[in-house]
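Data file: input-v9.csv. Format and content: CSV, C-alpha atoms.
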chain,number,residue,atom,x,y,z
A,1,TYR,CA,77.9,17.6,65.8
A,2,PRO,CA,75.8,20.4,64.3
A,3,ALA,CA,77.2,23.1,66.6
A,4,LEU,CA,80.5,22.8,64.8
A,5,LYS,CA,79.0,24.3,61.6
A,6,PRO,CA,79.9,27.9,62.5
A,7,PHE,CA,83.6,26.8,62.7
A,8,LEU,CA,83.8,24.8,59.4
A,9,GLY,CA,85.7,27.7,57.8
A,10,PHE,CA,88.5,27.2,60.3
A,11,ARG,CA,91.9,26.7,58.6
A,12,GLN,CA,94.4,28.7,60.5
A,13,MET,CA,95.0,30.1,64.0
A,14,PRO,CA,96.5,33.5,64.4
A,15,ASN,CA,100.3,33.2,64.6
A,16,VAL,CA,100.3,29.6,63.3
A,17,ASP,CA,102.0,29.1,59.9
A,18,VAL,CA,100.2,25.8,59.0
A,19,ASP,CA,96.6,25.2,57.9
A,20,ASN,CA,94.8,22.7,60.0
A,21,SER,CA,91.5,20.9,60.0
A,22,LEU,CA,88.7,21.5,62.4
A,23,ALA,CA,89.6,18.2,64.1
A,24,TRP,CA,92.9,19.7,65.0
A,25,GLY,CA,91.3,22.1,67.4
A,26,MET,CA,88.0,20.4,68.2
A,27,ARG,CA,89.7,17.2,69.2
A,28,THR,CA,87.2,16.1,71.8
A,29,GLU,CA,84.5,15.9,69.2
A,30,ALA,CA,86.9,14.1,66.8
A,31,VAL,CA,87.8,11.6,69.6
A,32,ASN,CA,84.2,11.2,70.5
A,33,VAL,CA,83.1,10.3,66.9
A,34,TRP,CA,85.5,7.4,67.2
A,35,PHE,CA,84.7,6.5,70.8
A,36,GLN,CA,80.9,6.5,70.3
A,37,ALA,CA,81.3,4.2,67.2
A,38,LEU,CA,82.9,1.5,69.4
A,39,ASP,CA,80.7,-1.3,70.7
A,40,ASP,CA,80.0,-0.7,74.4
A,41,ARG,CA,82.0,-3.7,75.5
A,42,ASP,CA,85.0,-2.3,73.6
A,43,LYS,CA,84.9,1.1,75.2
A,44,PRO,CA,87.7,1.6,77.8
A,45,ASP,CA,86.9,3.0,81.2
A,46,PHE,CA,89.5,5.7,80.7
A,47,LEU,CA,91.1,7.2,77.6
A,48,TRP,CA,94.3,9.2,77.4
A,49,VAL,CA,94.6,11.9,74.7
A,50,LEU,CA,98.0,13.5,74.2
A,51,GLU,CA,98.7,16.5,72.0
A,52,GLY,CA,101.4,16.1,69.4
A,53,ASP,CA,103.8,18.4,71.2
A,54,CYS,CA,103.5,16.7,74.6
A,55,PHE,CA,106.4,14.6,75.7
A,56,VAL,CA,107.1,12.3,78.6
A,57,ALA,CA,110.6,12.3,80.1
A,58,GLY,CA,111.4,8.7,81.0
A,59,GLY,CA,109.2,5.7,80.2
A,60,LEU,CA,105.6,6.1,79.1
A,61,GLN,CA,104.5,3.2,81.2
A,62,ALA,CA,106.0,4.7,84.4
A,63,TRP,CA,104.2,7.9,83.6
A,64,LEU,CA,100.9,6.1,83.1
A,65,ASP,CA,101.5,4.2,86.3
A,66,LEU,CA,101.5,7.5,88.2
A,67,HIS,CA,97.8,7.8,87.2
A,68,ASP,CA,96.9,4.2,87.8
A,69,ALA,CA,93.2,3.6,88.5
A,70,SER,CA,94.1,1.9,91.8
A,71,ARG,CA,95.4,5.2,93.3
A,72,ALA,CA,92.9,7.7,94.7
A,73,PRO,CA,91.8,10.4,93.9
A,74,ALA,CA,92.6,9.7,90.3
A,75,ALA,CA,90.9,6.4,90.5
A,76,THR,CA,87.5,7.9,89.7
A,77,ALA,CA,88.3,11.3,88.2
A,78,ASP,CA,86.2,12.0,85.0
A,79,LEU,CA,88.7,14.5,83.7
A,80,LEU,CA,92.3,14.2,84.8
A,81,ALA,CA,95.0,16.6,83.7
A,82,SER,CA,98.5,15.3,84.3
A,83,GLY,CA,99.8,16.6,87.7
A,84,LEU,CA,102.8,18.1,86.0
A,85,ASP,CA,103.1,21.9,86.4
A,86,THR,CA,103.1,22.3,82.6
A,87,ASN,CA,99.7,20.6,82.2
A,88,THR,CA,97.3,22.2,84.6
A,89,LEU,CA,93.8,23.7,84.4
A,90,ASP,CA,93.9,27.5,84.6
A,91,TYR,CA,91.2,30.1,84.4
A,92,LEU,CA,90.5,31.0,80.8
A,93,ARG,CA,91.7,34.6,80.3
A,94,SER,CA,89.2,37.1,78.9
A,95,ASP,CA,91.5,37.9,76.1
A,96,SER,CA,92.3,34.3,75.1
A,97,MET,CA,92.1,33.5,71.4
A,98,TRP,CA,90.3,30.3,72.4
A,99,ARG,CA,87.2,32.3,73.2
A,100,ASP,CA,86.5,32.6,69.5
A,101,PHE,CA,85.8,28.9,69.4
A,102,LEU,CA,82.9,28.4,71.8
A,103,SER,CA,79.4,27.5,70.9
A,104,GLN,CA,76.8,30.0,71.8
A,105,ALA,CA,75.2,27.6,74.3
A,106,PHE,CA,78.7,27.1,75.9
A,107,GLU,CA,78.9,30.9,76.4
A,108,ASP,CA,75.3,31.1,77.6
A,109,ARG,CA,75.5,28.3,80.1
A,110,ILE,CA,79.1,28.4,81.4
A,111,HIS,CA,79.9,31.4,83.6
A,112,PRO,CA,83.2,33.0,82.4
A,113,HIS,CA,84.7,32.4,85.9
A,114,GLN,CA,84.1,28.7,85.5
A,115,MET,CA,85.9,28.4,82.1
A,116,ARG,CA,89.3,26.8,82.2
A,117,ALA,CA,92.2,26.4,79.8
A,118,VAL,CA,94.6,23.5,79.5
A,119,LYS,CA,98.2,24.6,78.9
A,120,GLU,CA,99.3,21.4,77.3
A,121,TYR,CA,97.0,18.7,76.1
A,122,ALA,CA,97.6,15.5,78.1
A,123,LEU,CA,94.2,14.5,79.5
A,124,ARG,CA,92.5,11.4,80.7
A,125,PHE,CA,88.8,11.2,80.0
A,126,SER,CA,86.5,8.7,81.7
A,127,ARG,CA,84.0,6.8,79.6
A,128,ARG,CA,81.3,8.5,81.6
A,129,PHE,CA,82.7,12.0,80.8
A,130,LEU,CA,83.1,11.2,77.1
A,131,ASP,CA,79.5,10.0,77.0
A,132,ARG,CA,78.3,13.2,78.7
A,133,LEU,CA,80.3,15.4,76.3
A,134,HIS,CA,78.7,13.5,73.4
A,135,GLU,CA,75.2,14.2,74.8
A,136,LEU,CA,76.0,17.9,75.3
A,137,SER,CA,77.5,18.2,71.8
A,138,LEU,CA,74.5,16.6,70.0
A,139,GLY,CA,72.1,19.5,70.0
A,140,ASP,CA,71.7,22.0,67.2
A,141,GLU,CA,73.8,25.2,66.8
A,142,GLU,CA,71.8,27.0,69.5
A,143,THR,CA,71.7,24.3,72.1
A,144,ALA,CA,74.9,22.2,71.8
A,145,ILE,CA,77.7,22.9,74.2
A,146,THR,CA,81.1,22.6,72.6
A,147,ALA,CA,84.4,24.5,72.6
A,148,TRP,CA,88.0,24.4,71.4
A,149,SER,CA,89.6,21.3,73.0
A,150,GLN,CA,91.9,23.4,75.2
A,151,ILE,CA,88.9,24.8,77.0
A,152,ALA,CA,87.4,22.9,79.9
Since I need it in another form, could you write the structure as structure tokens?
Amino acid sequence: YPALKPFLGFRQMPNVDVDNSLAWGMRTEAVNVWFQALDDRDKPDFLWVLEGDCFVAGGLQAWLDLHDASRAPAATADLLASGLDTNTLDYLRSDSMWRDFLSQAFEDRIHPHQMRAVKEYALRFSRRFLDRLHELSLGDEETAITAWSQIA
């Protein structure tokens, strides 16, 4: 994903004591490198991505059953954040540190009032949505739309 070049120097977030790789923050692209390499018949219809500091109280299967594809409206949602209060989509604040990790095309094409932030990272992506994110991320540094993974 060429639009990630400006972020290759990333090693540490403000107020974070540990150095991390770019894939730590740009997880959607890292997941999509793997996802796009799968044979089409092996790609799941939905894929859950959980951040390392997420937890599920109770059984994971029971939690997944809450989002079962047989239940509407989650059945066809391209992007589903867990319904828990701690994992919602909020407006991205103008002073958010995540704003430093947007491609120029993302800033140019997405109105600031449409930008969202995910408090905790427990998201279900549809195959269709991952394919679309892949297409958007393929352009060069000027045209590709990409952002820090906690921005939607």
- prompt: Which residue, A:Gln61, A:Ser94, A:Gln36, A:Thr143, has the smallest gap to Leu130 in chain A when you use only C-alpha atoms?
  reply: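 Result for the nearest residue to Leu130 in chain A: A:Gln36.
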Selected residue, from A:Gln104, A:Gln114, A:Ser149, A:Ser96, that lies nearest to Val31 in chain A when counting all atoms listed in the file: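 Closest residue, counting all atoms listed in the file: A:Ser149.
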query: Could you work out how far CA of Pro2 in chain A lies from CA of Ser103 in chain A, giving the answer in Å with one decimal?
result: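 Separating CA of Ser103 in chain A from CA of Pro2 in chain A is a distance of 10.3 Å.
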Name the residues in contact with Ala3 in chain A at a cut-off of 6 Å, using all atoms listed in the file, excluding same-chain residues fewer than 5 positions from it; report them as an mmCIF file with C-alpha atoms, in the coordinates of the input.
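Writing done, so here's out-v3.cif:
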data_model
loop_
_atom_site.group_PDB
_atom_site.id
_atom_site.type_symbol
_atom_site.label_atom_id
_atom_site.label_comp_id
_atom_site.auth_asym_id
_atom_site.auth_seq_id
_atom_site.Cartn_x
_atom_site.Cartn_y
_atom_site.Cartn_z
ATOM 1 C CA ASP A 140 71.700 22.000 67.200
ATOM 2 C CA GLU A 141 73.800 25.200 66.800
ATOM 3 C CA ALA A 144 74.900 22.200 71.800
#
field: Gap from CA of Leu8 in chain A to CA of Leu133 in chain A - Å, one decimal
entry: 19.7 Å
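Remark: for Pro44 in chain A, the closest of the candidate residues A:Met115, A:Ser126, A:Lys5, A:Ile110 is A:Ser126 (distances computed over all atoms listed in the file).
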Selection near Met97 in chain A, 12 Å with all atoms listed in the file, sequence-local residues under 2 positions removed, as an mmCIF file with C-alpha atoms, keeping the file's coordinate frame:
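Result file follows (out-v2.cif):
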data_model
loop_
_atom_site.group_PDB
_atom_site.id
_atom_site.type_symbol
_atom_site.label_atom_id
_atom_site.label_comp_id
_atom_site.auth_asym_id
_atom_site.auth_seq_id
_atom_site.Cartn_x
_atom_site.Cartn_y
_atom_site.Cartn_z
ATOM 1 C CA MET A 13 95.000 30.100 64.000
ATOM 2 C CA PRO A 14 96.500 33.500 64.400
ATOM 3 C CA ASN A 15 100.300 33.200 64.600
ATOM 4 C CA LEU A 92 90.500 31.000 80.800
ATOM 5 C CA ARG A 93 91.700 34.600 80.300
ATOM 6 C CA SER A 94 89.200 37.100 78.900
ATOM 7 C CA ASP A 95 91.500 37.900 76.100
ATOM 8 C CA ARG A 99 87.200 32.300 73.200
ATOM 9 C CA ASP A 100 86.500 32.600 69.500
ATOM 10 C CA PHE A 101 85.800 28.900 69.400
ATOM 11 C CA LEU A 102 82.900 28.400 71.800
ATOM 12 C CA ALA A 117 92.200 26.400 79.800
ATOM 13 C CA ALA A 147 84.400 24.500 72.600
ATOM 14 C CA TRP A 148 88.000 24.400 71.400
ATOM 15 C CA GLN A 150 91.900 23.400 75.200
ATOM 16 C CA ILE A 151 88.900 24.800 77.000
#
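Note that the spacing between CA of Leu50 in chain A and CA of Phe7 in chain A amounts to 22.7 Å.
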field: Radius query 12 Å about (78.7, 9.3, 66.5), atoms used: all atoms listed in the file, as a list in words
entry: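 The residues that fall inside the cut-off are Tyr1, Pro2, Glu29, Ala30, Val31, Asn32, Val33, Trp34, Phe35, Gln36, Ala37, Leu38, Asp39, Leu130, Asp131, Leu133, His134, Glu135, Ser137 and Leu138 of chain A.
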query: For Gly25 in chain A, which residue out of A:Arg128, A:Thr146, A:Asp45, A:Ala105 is the nearest one, using only C-alpha atoms?
result: A:Thr146
